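K.L.:
Just one file: run_36.txt, with compact mmCIF, C-alpha atoms.
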```
# COMPACT_ATOMS: atom_id res chain seq x y z
CA MET A 11 -46.38 -24.88 61.46
CA GLN A 12 -47.06 -26.12 57.99
CA GLY A 13 -47.77 -22.57 56.78
CA LYS A 14 -44.61 -21.28 58.45
CA GLY A 15 -42.47 -23.96 56.71
CA LYS A 16 -43.96 -23.03 53.36
CA SER A 17 -43.15 -19.36 54.01
CA MET A 18 -39.50 -20.17 54.82
CA TYR A 19 -39.26 -22.24 51.62
CA ASN A 20 -40.61 -19.33 49.59
CA ASP A 21 -38.10 -16.98 51.28
CA ARG A 22 -35.22 -19.29 50.32
CA GLN A 23 -36.46 -19.42 46.73
CA ALA A 24 -36.59 -15.63 46.60
CA MET A 25 -33.06 -15.37 48.03
CA ASP A 26 -31.75 -17.91 45.49
CA LEU A 27 -33.43 -15.99 42.68
CA ARG A 28 -31.87 -12.70 43.85
CA ARG A 29 -28.47 -14.38 44.16
CA ARG A 30 -28.68 -15.78 40.64
CA ARG A 31 -29.67 -12.34 39.31
CA GLN A 32 -26.74 -10.73 41.11
CA ILE A 33 -24.32 -13.32 39.68
CA ARG A 34 -25.73 -12.81 36.19
CA ASN A 35 -25.41 -9.01 36.53
CA TRP A 36 -21.82 -9.38 37.70
CA ILE A 37 -21.03 -11.64 34.73
CA ILE A 38 -22.58 -9.12 32.32
CA LEU A 39 -20.60 -6.29 33.95
CA ILE A 40 -17.32 -8.25 33.74
CA VAL A 41 -17.96 -9.08 30.05
CA MET A 42 -18.66 -5.41 29.32
CA VAL A 43 -15.48 -4.31 31.11
CA ILE A 44 -13.43 -6.87 29.16
CA ALA A 45 -15.01 -5.73 25.88
CA VAL A 46 -14.30 -2.06 26.65
CA PHE A 47 -10.72 -2.89 27.68
CA ALA A 48 -10.16 -4.89 24.49
CA GLY A 49 -11.60 -2.05 22.42
CA LEU A 50 -9.31 0.47 24.09
CA ARG A 51 -6.30 -1.78 23.55
CA PHE A 52 -7.21 -2.11 19.87
CA LEU A 53 -7.56 1.66 19.54
CA GLN A 54 -4.22 2.13 21.31
CA ASN A 55 -2.67 -0.28 18.80
CA MET A 56 -4.13 1.57 15.84
CA GLY A 57 -1.52 3.74 14.14
CA GLN A 58 -2.30 7.12 12.66
CA THR A 59 -2.86 7.23 8.91
CA THR A 60 -0.37 10.13 8.77
CA GLU A 61 2.42 7.69 9.69
CA ILE A 62 2.23 5.91 6.33
CA SER A 63 1.60 7.14 2.80
CA ALA A 64 0.60 5.58 -0.50
CA VAL A 65 1.33 6.48 -4.11
CA THR A 66 -0.15 5.10 -7.33
CA MET A 67 2.53 3.45 -9.45
CA PRO A 68 2.71 4.03 -13.25
CA CYS A 69 2.37 0.32 -14.02
CA TYR A 70 -0.29 -2.38 -13.94
CA ALA A 71 -0.50 -5.51 -11.80
CA ALA A 72 -0.46 -7.71 -14.92
CA GLN A 73 2.93 -6.35 -16.07
CA ASP A 74 5.23 -8.71 -14.09
CA VAL A 75 5.75 -6.11 -11.35
CA THR A 76 8.81 -7.19 -9.32
CA PRO A 77 10.65 -5.62 -6.34
CA PHE A 78 14.32 -5.02 -7.23
CA GLY A 79 16.23 -3.86 -4.14
CA ASP A 80 14.92 -0.37 -3.43
CA SER A 81 13.37 -0.20 -6.91
CA VAL A 82 10.52 -1.79 -8.86
CA LEU A 83 10.66 -3.47 -12.28
CA TYR A 84 7.83 -4.04 -14.72
CA TYR A 85 7.59 -5.29 -18.32
CA ASP A 86 5.15 -3.65 -20.73
CA GLY A 87 5.65 -6.13 -23.59
CA ALA A 88 8.39 -4.10 -25.27
CA SER A 89 10.73 -2.81 -22.55
CA ILE A 90 11.58 -3.53 -18.93
CA HIS A 91 11.22 -0.35 -16.89
CA CYS A 92 12.81 0.43 -13.54
CA LEU A 93 10.97 2.73 -11.13
CA SER A 94 11.88 4.16 -7.78
CA SER A 95 9.80 2.73 -4.94
CA THR A 96 7.58 5.82 -5.19
CA GLY A 97 7.05 5.65 -8.95
CA ALA A 98 9.72 7.83 -10.59
CA VAL A 99 11.18 6.35 -13.80
CA LYS A 100 14.87 5.48 -13.34
CA TRP A 101 15.63 3.70 -16.63
CA SER A 102 14.15 1.56 -19.39
CA PHE A 103 15.69 -1.38 -21.22
CA PRO A 104 14.18 -2.42 -24.60
CA VAL A 105 13.91 -6.20 -25.07
CA GLY A 106 10.99 -6.67 -27.49
CA GLY A 107 8.06 -9.03 -27.08
CA GLY A 108 7.98 -12.40 -25.34
CA ALA A 109 10.68 -11.62 -22.78
CA THR A 110 11.09 -13.10 -19.30
CA PHE A 111 13.38 -11.84 -16.54
CA SER A 112 14.78 -12.87 -13.17
CA VAL A 113 16.61 -10.72 -10.61
CA SER A 114 19.14 -10.88 -7.78
CA ASP A 115 19.95 -8.02 -5.41
CA ASN A 116 21.99 -6.09 -7.98
CA HIS A 117 21.50 -7.69 -11.40
CA MET A 118 18.82 -8.79 -13.82
CA VAL A 119 18.98 -11.53 -16.44
CA VAL A 120 16.56 -11.36 -19.39
CA TRP A 121 15.87 -13.96 -22.07
CA VAL A 122 13.85 -13.89 -25.28
CA GLY A 123 13.93 -17.12 -27.27
CA SER A 124 17.66 -17.86 -27.48
CA GLN A 125 18.79 -14.29 -26.73
CA LEU A 126 20.33 -13.56 -23.32
CA PHE A 127 20.87 -10.18 -21.62
CA ILE A 128 22.72 -9.53 -18.36
CA VAL A 129 21.89 -6.08 -16.93
CA ASP A 130 23.08 -4.30 -13.78
CA LYS A 131 20.93 -2.37 -11.32
CA ASN A 132 21.54 0.87 -13.25
CA GLY A 133 20.13 -0.56 -16.48
CA ARG A 134 23.52 -1.04 -18.15
CA PRO A 135 23.89 -4.32 -20.10
CA SER A 136 27.14 -6.24 -19.66
CA TYR A 137 26.19 -9.07 -22.03
CA ASN A 138 23.86 -9.50 -25.01
CA GLU A 139 24.34 -12.62 -27.11
CA ASN A 140 22.51 -15.49 -28.77
CA MET A 141 22.93 -18.77 -26.87
CA GLY A 142 22.38 -20.92 -29.98
CA ALA A 143 19.36 -22.76 -28.50
CA GLU A 144 16.04 -21.94 -26.86
CA ILE A 145 16.52 -20.75 -23.27
CA GLN A 146 14.36 -22.57 -20.71
CA PHE A 147 15.20 -20.17 -17.89
CA ALA A 148 18.10 -18.22 -16.39
CA ARG A 149 19.20 -17.05 -12.94
CA VAL A 150 21.77 -14.48 -11.82
CA GLY A 151 23.83 -14.06 -8.64
CA ASP A 152 26.56 -11.76 -7.34
CA SER A 153 29.25 -13.13 -9.66
CA TYR A 154 27.67 -15.49 -12.21
CA ALA A 155 24.62 -16.18 -14.33
CA ALA A 156 23.22 -19.67 -14.97
CA VAL A 157 21.43 -20.37 -18.25
CA VAL A 158 19.45 -23.55 -18.99
CA ILE A 159 19.08 -24.26 -22.71
CA GLY A 160 17.96 -27.22 -24.82
CA GLU A 161 15.12 -29.72 -24.52
CA ASP A 162 13.15 -30.20 -21.30
CA THR A 163 14.66 -33.60 -20.45
CA ALA A 164 18.02 -32.96 -22.13
CA PRO A 165 19.01 -29.62 -20.57
CA ASP A 166 22.41 -28.00 -20.95
CA LEU A 167 23.46 -25.84 -17.99
CA VAL A 168 25.81 -23.00 -18.96
CA ILE A 169 27.51 -20.77 -16.37
CA LYS A 170 28.81 -17.34 -17.38
CA ASP A 171 30.42 -14.53 -15.45
CA LEU A 172 28.60 -11.20 -15.49
CA GLN A 173 30.53 -10.06 -18.56
CA GLY A 174 29.36 -13.13 -20.48
CA SER A 175 32.56 -15.23 -20.46
CA GLN A 176 31.74 -18.92 -20.08
CA VAL A 177 33.24 -20.44 -16.93
CA ASP A 178 31.47 -23.81 -16.66
CA GLU A 179 29.04 -26.12 -18.46
CA GLU A 180 27.13 -29.27 -17.55
CA ALA A 181 26.09 -30.70 -20.92
CA GLU A 182 25.25 -34.29 -19.93
CA ALA A 183 24.93 -34.26 -16.15
CA PHE A 184 21.16 -33.73 -16.30
CA SER A 185 20.31 -36.05 -19.19
CA GLY A 186 16.88 -37.61 -18.60
CA MET A 187 16.08 -35.04 -15.91
CA LEU A 188 13.97 -31.92 -15.75
CA LEU A 189 15.88 -28.96 -14.32
CA LEU A 190 13.56 -27.13 -11.92
CA ASP A 191 15.69 -24.30 -10.56
CA VAL A 192 19.23 -23.04 -10.02
CA GLY A 193 20.71 -20.62 -7.51
CA PHE A 194 24.01 -19.21 -6.23
CA TYR A 195 25.29 -19.04 -2.67
CA GLY A 196 28.44 -18.31 -0.68
CA GLU A 197 30.11 -15.05 0.30
CA LYS A 198 30.52 -13.97 -3.35
CA GLY A 199 28.06 -16.36 -4.95
CA GLU A 200 30.87 -18.74 -5.89
CA TYR A 201 28.81 -21.85 -5.16
CA MET A 202 25.71 -23.08 -6.98
CA TRP A 203 22.82 -25.45 -6.25
CA THR A 204 20.51 -27.11 -8.75
CA LEU A 205 17.17 -28.88 -8.36
CA ALA A 206 16.29 -31.54 -10.92
CA MET A 207 13.54 -34.13 -11.19
CA ASP A 208 14.21 -37.66 -12.44
CA VAL A 209 11.34 -38.19 -14.89
CA TYR A 210 12.30 -41.69 -16.03
CA GLY A 211 12.80 -43.38 -12.65
CA THR A 212 10.39 -45.90 -11.15
CA ALA A 213 9.31 -43.23 -8.63
CA ILE A 214 9.33 -39.44 -8.68
CA ASN A 215 12.54 -38.14 -7.16
CA THR A 216 13.97 -34.65 -6.81
CA VAL A 217 17.75 -34.37 -6.67
CA MET A 218 19.76 -31.42 -5.35
CA ASN A 219 23.35 -31.01 -6.57
CA THR A 220 25.88 -28.50 -5.26
CA PHE A 221 28.89 -27.13 -7.16
CA GLN A 222 31.82 -24.82 -6.72
CA VAL A 223 31.52 -22.84 -9.94
CA GLY A 224 34.24 -23.67 -12.45
CA LYS A 225 35.89 -26.23 -10.16
CA MET A 226 34.00 -29.28 -8.95
CA ASN A 227 30.77 -30.91 -7.85
CA THR A 228 30.56 -30.79 -4.06
CA GLY A 229 27.48 -32.86 -3.22
CA GLU A 230 24.32 -34.66 -4.28
CA VAL A 231 21.15 -35.25 -2.25
CA SER A 232 18.02 -37.27 -3.04
CA LEU A 233 15.01 -35.33 -1.70
CA GLY A 234 12.36 -37.94 -2.53
CA GLU A 235 8.92 -37.55 -4.04
CA ASN A 236 7.71 -34.51 -2.08
CA LEU A 237 7.76 -31.34 -4.17
CA THR A 238 10.85 -29.19 -3.46
CA TYR A 239 10.00 -25.57 -4.20
CA LYS A 240 12.57 -23.30 -2.51
CA VAL A 241 16.24 -23.24 -1.49
CA LEU A 242 17.63 -20.43 0.69
CA PHE A 243 21.17 -19.74 1.86
CA GLU A 244 21.41 -18.18 5.30
CA ASP A 245 23.95 -18.18 8.11
CA ASN A 246 26.21 -20.58 6.13
CA LYS A 247 23.39 -23.10 5.71
CA LEU A 248 21.21 -24.23 2.82
CA ARG A 249 17.54 -24.38 3.83
CA VAL A 250 15.59 -26.65 1.50
CA PHE A 251 11.80 -26.45 1.58
CA THR A 252 9.63 -29.33 0.45
CA THR A 253 5.89 -29.74 0.93
CA GLN A 254 6.71 -31.99 3.91
CA GLN A 255 9.91 -30.79 5.62
CA MET A 256 12.48 -28.02 5.80
CA TYR A 257 15.91 -29.67 5.53
CA THR A 258 19.24 -28.07 6.44
CA TYR A 259 22.57 -28.73 4.65
CA ASP A 260 26.07 -27.29 4.70
CA TYR A 261 28.09 -26.02 1.70
CA LYS A 262 28.76 -29.56 0.52
CA ALA A 263 25.17 -30.79 0.90
CA VAL A 264 25.86 -32.71 4.14
CA GLN A 265 22.61 -32.77 6.09
CA ASP A 266 22.23 -31.40 9.61
CA VAL A 267 19.55 -33.85 10.79
CA ASN A 268 19.00 -31.92 14.03
CA ASN A 269 17.84 -28.91 12.02
CA THR A 270 14.92 -30.55 10.21
CA LYS A 271 11.50 -28.93 10.62
CA LEU A 272 8.09 -30.35 9.82
CA VAL A 273 6.31 -27.83 7.58
CA TYR A 274 3.51 -30.01 6.22
CA GLY A 275 0.44 -27.84 5.71
CA TRP A 276 2.56 -24.65 5.56
CA LYS A 277 4.17 -22.85 2.61
CA LEU A 278 7.06 -20.38 2.57
CA ILE A 279 5.74 -17.03 1.29
CA ASP A 280 8.57 -14.61 2.11
CA HIS A 281 11.97 -14.39 3.77
CA TYR A 282 14.45 -11.83 5.03
CA ILE A 283 18.16 -12.71 5.06
CA PRO A 284 20.40 -10.28 6.99
CA SER A 285 24.11 -9.87 6.26
CA ARG A 286 24.80 -11.65 9.56
CA GLY A 287 22.75 -13.90 11.76
CA SER A 288 19.65 -15.98 11.19
CA ALA A 289 17.12 -15.41 8.44
CA SER A 290 13.43 -14.86 9.12
CA MET A 291 11.35 -17.29 7.06
CA LEU A 292 7.64 -16.52 6.81
CA LEU A 293 5.08 -19.26 6.16
CA ALA A 294 1.30 -19.35 5.75
CA PRO A 295 -1.14 -22.28 5.70
CA THR A 296 -0.84 -23.90 2.26
CA SER A 297 -4.62 -23.81 1.81
CA GLN A 298 -4.55 -20.01 2.25
CA THR A 299 -1.82 -19.22 -0.30
CA SER A 300 -3.82 -19.51 -3.52
CA ALA A 301 -4.68 -16.30 -5.36
CA ASP A 302 -8.33 -16.29 -4.26
CA SER A 303 -7.71 -17.16 -0.58
CA SER A 304 -7.24 -14.98 2.49
CA ILE A 305 -4.53 -15.51 5.11
CA THR A 306 -5.55 -15.72 8.77
CA GLU A 307 -2.44 -17.32 10.31
CA LEU A 308 1.31 -16.95 9.92
CA ARG A 309 4.40 -18.79 11.13
CA ILE A 310 7.98 -17.55 11.52
CA LEU A 311 11.08 -19.76 11.52
CA SER A 312 14.25 -17.95 12.60
CA GLY A 313 17.16 -19.71 14.27
CA THR A 314 15.57 -21.64 17.15
CA LEU A 315 12.37 -19.56 16.96
CA ASP A 316 9.27 -21.31 15.63
CA ARG A 317 6.28 -19.08 16.37
CA ARG A 318 2.72 -18.86 15.08
CA TYR A 319 0.59 -15.74 14.81
CA THR A 320 -3.15 -15.19 14.46
CA LEU A 321 -3.90 -12.14 12.33
CA PRO A 322 -6.43 -9.53 13.55
CA SER A 323 -8.44 -10.03 10.34
CA ALA A 324 -8.19 -11.91 7.04
CA CYS A 325 -5.32 -10.59 4.90
CA VAL A 326 -4.45 -10.63 1.18
CA GLY A 327 -0.73 -11.09 1.80
CA ALA A 328 2.17 -10.76 4.23
CA GLY A 329 5.92 -10.14 4.26
CA VAL A 330 8.85 -9.91 6.64
CA GLN A 331 11.66 -7.34 6.80
CA GLY A 332 14.21 -7.00 9.57
CA LYS A 333 12.49 -7.84 12.85
CA ASN A 334 9.09 -6.72 11.58
CA LEU A 335 6.25 -8.86 10.29
CA TYR A 336 3.73 -7.09 8.02
CA ALA A 337 0.30 -8.26 6.89
CA PHE A 338 -2.22 -6.50 4.67
CA SER A 339 -6.00 -6.73 4.78
CA ASN A 340 -8.41 -4.94 2.44
CA GLU A 341 -8.29 -1.80 4.59
CA TYR A 342 -5.50 -2.18 7.17
CA LEU A 343 -1.77 -2.73 7.44
CA TYR A 344 -0.73 -4.79 10.47
CA ARG A 345 2.76 -4.79 11.98
CA ALA A 346 4.25 -6.98 14.68
CA ASP A 347 7.73 -7.58 16.04
CA ILE A 348 8.55 -11.21 15.27
CA ASP A 349 9.55 -11.71 18.92
CA SER A 350 6.05 -10.81 20.11
CA GLN A 351 2.52 -11.58 19.02
CA ARG A 352 1.01 -8.11 19.33
CA PHE A 353 -0.14 -6.53 16.08
CA TYR A 354 -0.47 -2.79 15.55
CA GLY A 355 -3.02 -1.69 12.96
CA TYR A 356 -2.79 1.20 10.49
CA ALA A 357 -5.54 2.27 8.11
CA LEU A 358 -4.27 1.94 4.53
CA PRO A 359 -4.09 5.45 3.03
CA LEU A 360 -5.61 4.38 -0.30
CA PRO A 361 -8.04 6.58 -2.26
CA GLU A 362 -11.61 6.68 -0.92
CA GLY A 363 -13.52 3.52 -1.77
CA VAL A 364 -10.38 1.61 -2.83
CA LYS A 365 -9.58 -1.67 -1.08
CA ALA A 366 -6.42 -3.73 -1.40
CA ASP A 367 -6.96 -7.15 -3.00
CA GLY A 368 -3.39 -8.36 -3.58
CA PHE A 369 0.19 -8.16 -2.34
CA ILE A 370 3.24 -8.23 -4.64
CA GLY A 371 6.16 -7.81 -2.23
CA LEU A 372 8.40 -5.47 -0.23
CA THR A 373 11.18 -3.22 -1.45
CA SER A 374 14.42 -3.11 0.54
CA ASN A 375 13.80 0.52 1.56
CA GLY A 376 10.57 -0.23 3.41
CA ARG A 377 7.65 -0.01 1.01
CA ALA A 378 4.95 -2.54 0.19
CA LEU A 379 3.52 -3.08 -3.29
CA LEU A 380 -0.24 -3.69 -3.09
CA THR A 381 -2.84 -4.08 -5.80
CA SER A 382 -6.47 -3.13 -6.21
CA GLY A 383 -7.71 -4.61 -9.42
CA ASN A 384 -5.00 -3.84 -11.99
CA THR A 385 -3.75 -0.74 -10.14
CA VAL A 386 -0.51 -0.94 -8.14
CA TYR A 387 0.09 1.13 -5.00
CA SER A 388 3.33 1.67 -3.10
CA VAL A 389 2.69 2.01 0.64
CA GLY A 390 5.27 3.12 3.20
CA LEU A 391 5.85 0.70 6.07
CA PRO A 392 5.79 1.82 9.72
CA GLN A 393 8.84 0.76 11.73
```
Output the structure of this file as structure tokens.
P.N.:
Amino acid sequence: MQGKGKSMYNDRQAMDLRRRRQIRNWIILIVMVIAVFAGLRFLQNMGQTTEISAVTMPCYAAQDVTPFGDSVLYYDGASIHCLSSTGAVKWSFPVGGGATFSVSDNHMVVWVGSQLFIVDKNGRPSYNENMGAEIQFARVGDSYAAVVIGEDTAPDLVIKDLQGSQVDEEAEAFSGMLLLDVGFYGEKGEYMWTLAMDVYGTAINTVMNTFQVGKMNTGEVSLGENLTYKVLFEDNKLRVFTTQQMYTYDYKAVQDVNNTKLVYGWKLIDHYIPSRGSASMLLAPTSQTSADSSITELRILSGTLDRRYTLPSACVGAGVQGKNLYAFSNEYLYRADIDSQRFYGYALPLPEGVKADGFIGLTSNGRALLTSGNTVYSVGLPQ
């Protein structure tokens, strides 16, 4: 009996061993099926390289390369040149050395020392005069240009129309403050916002003022000590980005407290503002937005949408246009509809051995400006 019991015990052990082997084999088979399925899905999501094309641009990454509507601007130290999005020269505007420029959708403002130029999208200047004092910076909108002159903490804000006629001036309003940025908003750009930092207060404080150009101040907001770095106008709202929050205000700087978003740890890197409806605002983790970092996550804010995305691989940059989100790795272009989280991959059609290492921006006609070293490439975007 004792021998028989031992035999039954050994049989049970053998059965348990076979059962465990069968379970392990099934697990291995399931894992292999999942891996094959995932691989097939990835291959299905890979676009054909023939769907997109790349051209080498006749400019260098270090030459202030800037998207300008469906064109591209760059400054070679003597002139500002305008290229088509595929590299053809459209016009050149001589400005000499030491120039800086800023653009809107249809105009460019250039300053060199105290000299100011206002230039349209066809390269025709509508204004070229000396402002009488060193220009700190300038901005241009649909109807006006704003020029900040004078000392850092005693700035004089001058507003001109696009033909150079002066329509407004704030000579003492910012005394003791450092003007950080200026922008225009409204249907025809008839309103203006300013960001200024109080440098003599007991605590750091950024102040936003709003104006109706040539008429009156419409509002003032204290934004506190957190760095304010971007103001957007979309869907009749001002979106103000600080390192802590995204605040929402109306034309007269009255806050909509129900439209405040926590964005701590995230930084706005691109945006798309349609003629109607909500903008798409693209953010990346702040720690991944330095020049030597790679981006692995993205976040979109659009109306009530607040969605996060994990990229298929580390990317050198990302942008948003229409309903499409684009990200760029060393070798691939990824596209996703902002309403979904599925990315489609396309091999970048760069020359053999060339890998993308930087992203400049998107043109309005659907091309991305990428860099590899000091070389700039224009890559068509899949839709």
K.L.:
I want to know what sits within 12 Å of Gly376 (chain A), based on all atoms listed in the file, with residues of the same chain fewer than 3 positions away left out; could you give that as a list in words?
P.N.:
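The residues that qualify are Ile62, Ser63, Pro77, Gly79, Asp80, Ser81, Ser95, Thr96, Gly329, Val330, Gln331, Gly332, Asn334, Leu335, Tyr336, Gly371, Leu372, Thr373, Leu379, Ser388, Val389, Gly390, Leu391, Pro392 and Gln393 of chain A.
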K.L.:
With region 337-347 of chain A as the partner and 10 Å as the cut-off, tabulate the residues of region 210-309 of chain A that qualify, each row holding the nearest pair of atoms and their distance in Å to one decimal, using only C-alpha atoms, sorted by chain and rising number, as CSV.
P.N.:
```
residue,atom,partner,partner_atom,distance
A:Ser304,CA,A:Ser339,CA,8.7
A:Ile305,CA,A:Ala337,CA,8.9
A:Thr306,CA,A:Ala337,CA,9.7
A:Leu308,CA,A:Ala337,CA,9.3
```
K.L.:
So the first atom is CA of Ile348 (chain A) and the second is CA of Thr314 (chain A); what is the distance between them in Å, to one decimal place?
P.N.:
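Calculated distance between CA of Ile348 (chain A) and CA of Thr314 (chain A) is 12.7 Å.
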K.L.:
For CA of Val192 (chain A) and CA of Asn268 (chain A), quote the distance in Å rounded to one decimal.
P.N.:
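These atoms are spaced 25.6 Å apart.
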K.L.:
Give me the residues within 10 Å of region 210-212 of chain A as a short mmCIF file (atom, residue, chain, number, x, y, z; two decimals) with C-alpha atoms, in the coordinates of the input, counting all atoms listed in the file and dropping any in the same chain fewer than 4 places off.
P.N.:
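File part-v8.cif, as written:
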```cif
data_model
loop_
_atom_site.label_atom_id
_atom_site.label_comp_id
_atom_site.auth_asym_id
_atom_site.auth_seq_id
_atom_site.Cartn_x
_atom_site.Cartn_y
_atom_site.Cartn_z
CA THR A 163 14.66 -33.60 -20.45
CA GLY A 186 16.88 -37.61 -18.60
CA MET A 187 16.08 -35.04 -15.91
CA LEU A 188 13.97 -31.92 -15.75
#
```
K.L.:
Report, in Å with one decimal, the straight-line distance from CA of Phe103 (chain A) to CA of Tyr137 (chain A).
P.N.:
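Separation between CA of Phe103 (chain A) and CA of Tyr137 (chain A): 13.0 Å.
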K.L.:
Which polymer residues, whether protein, DNA or RNA, lie within 10 Å of the coordinate (23.3, -29.0, -11.9) when you count only C-alpha atoms? List them as a list in words, using the chain letters and numbers from the file.
P.N.:
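Protein, DNA and RNA residues close to (23.3, -29.0, -11.9): Ala156, Val158, Pro165, Asp166, Leu167, Val168, Glu179, Glu180, Ala181, Glu182, Ala183, Phe184, Leu189, Leu190, Asp191, Val192, Gly193, Met202, Trp203, Thr204, Leu205, Ala206, Val217, Met218, Asn219, Thr220, Phe221, Asn227 and Glu230 of chain A.
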K.L.:
Take the point (4.1, -19.3, 2.0) in the file's coordinates, draw a sphere of radius 12 Å around it, and report as a ChimeraX atom specification every protein, DNA or RNA residue with an atom inside or on it, counting only C-alpha atoms.
P.N.:
/A:239-240,251-253,273-281,291-301,305,307-311,327-330
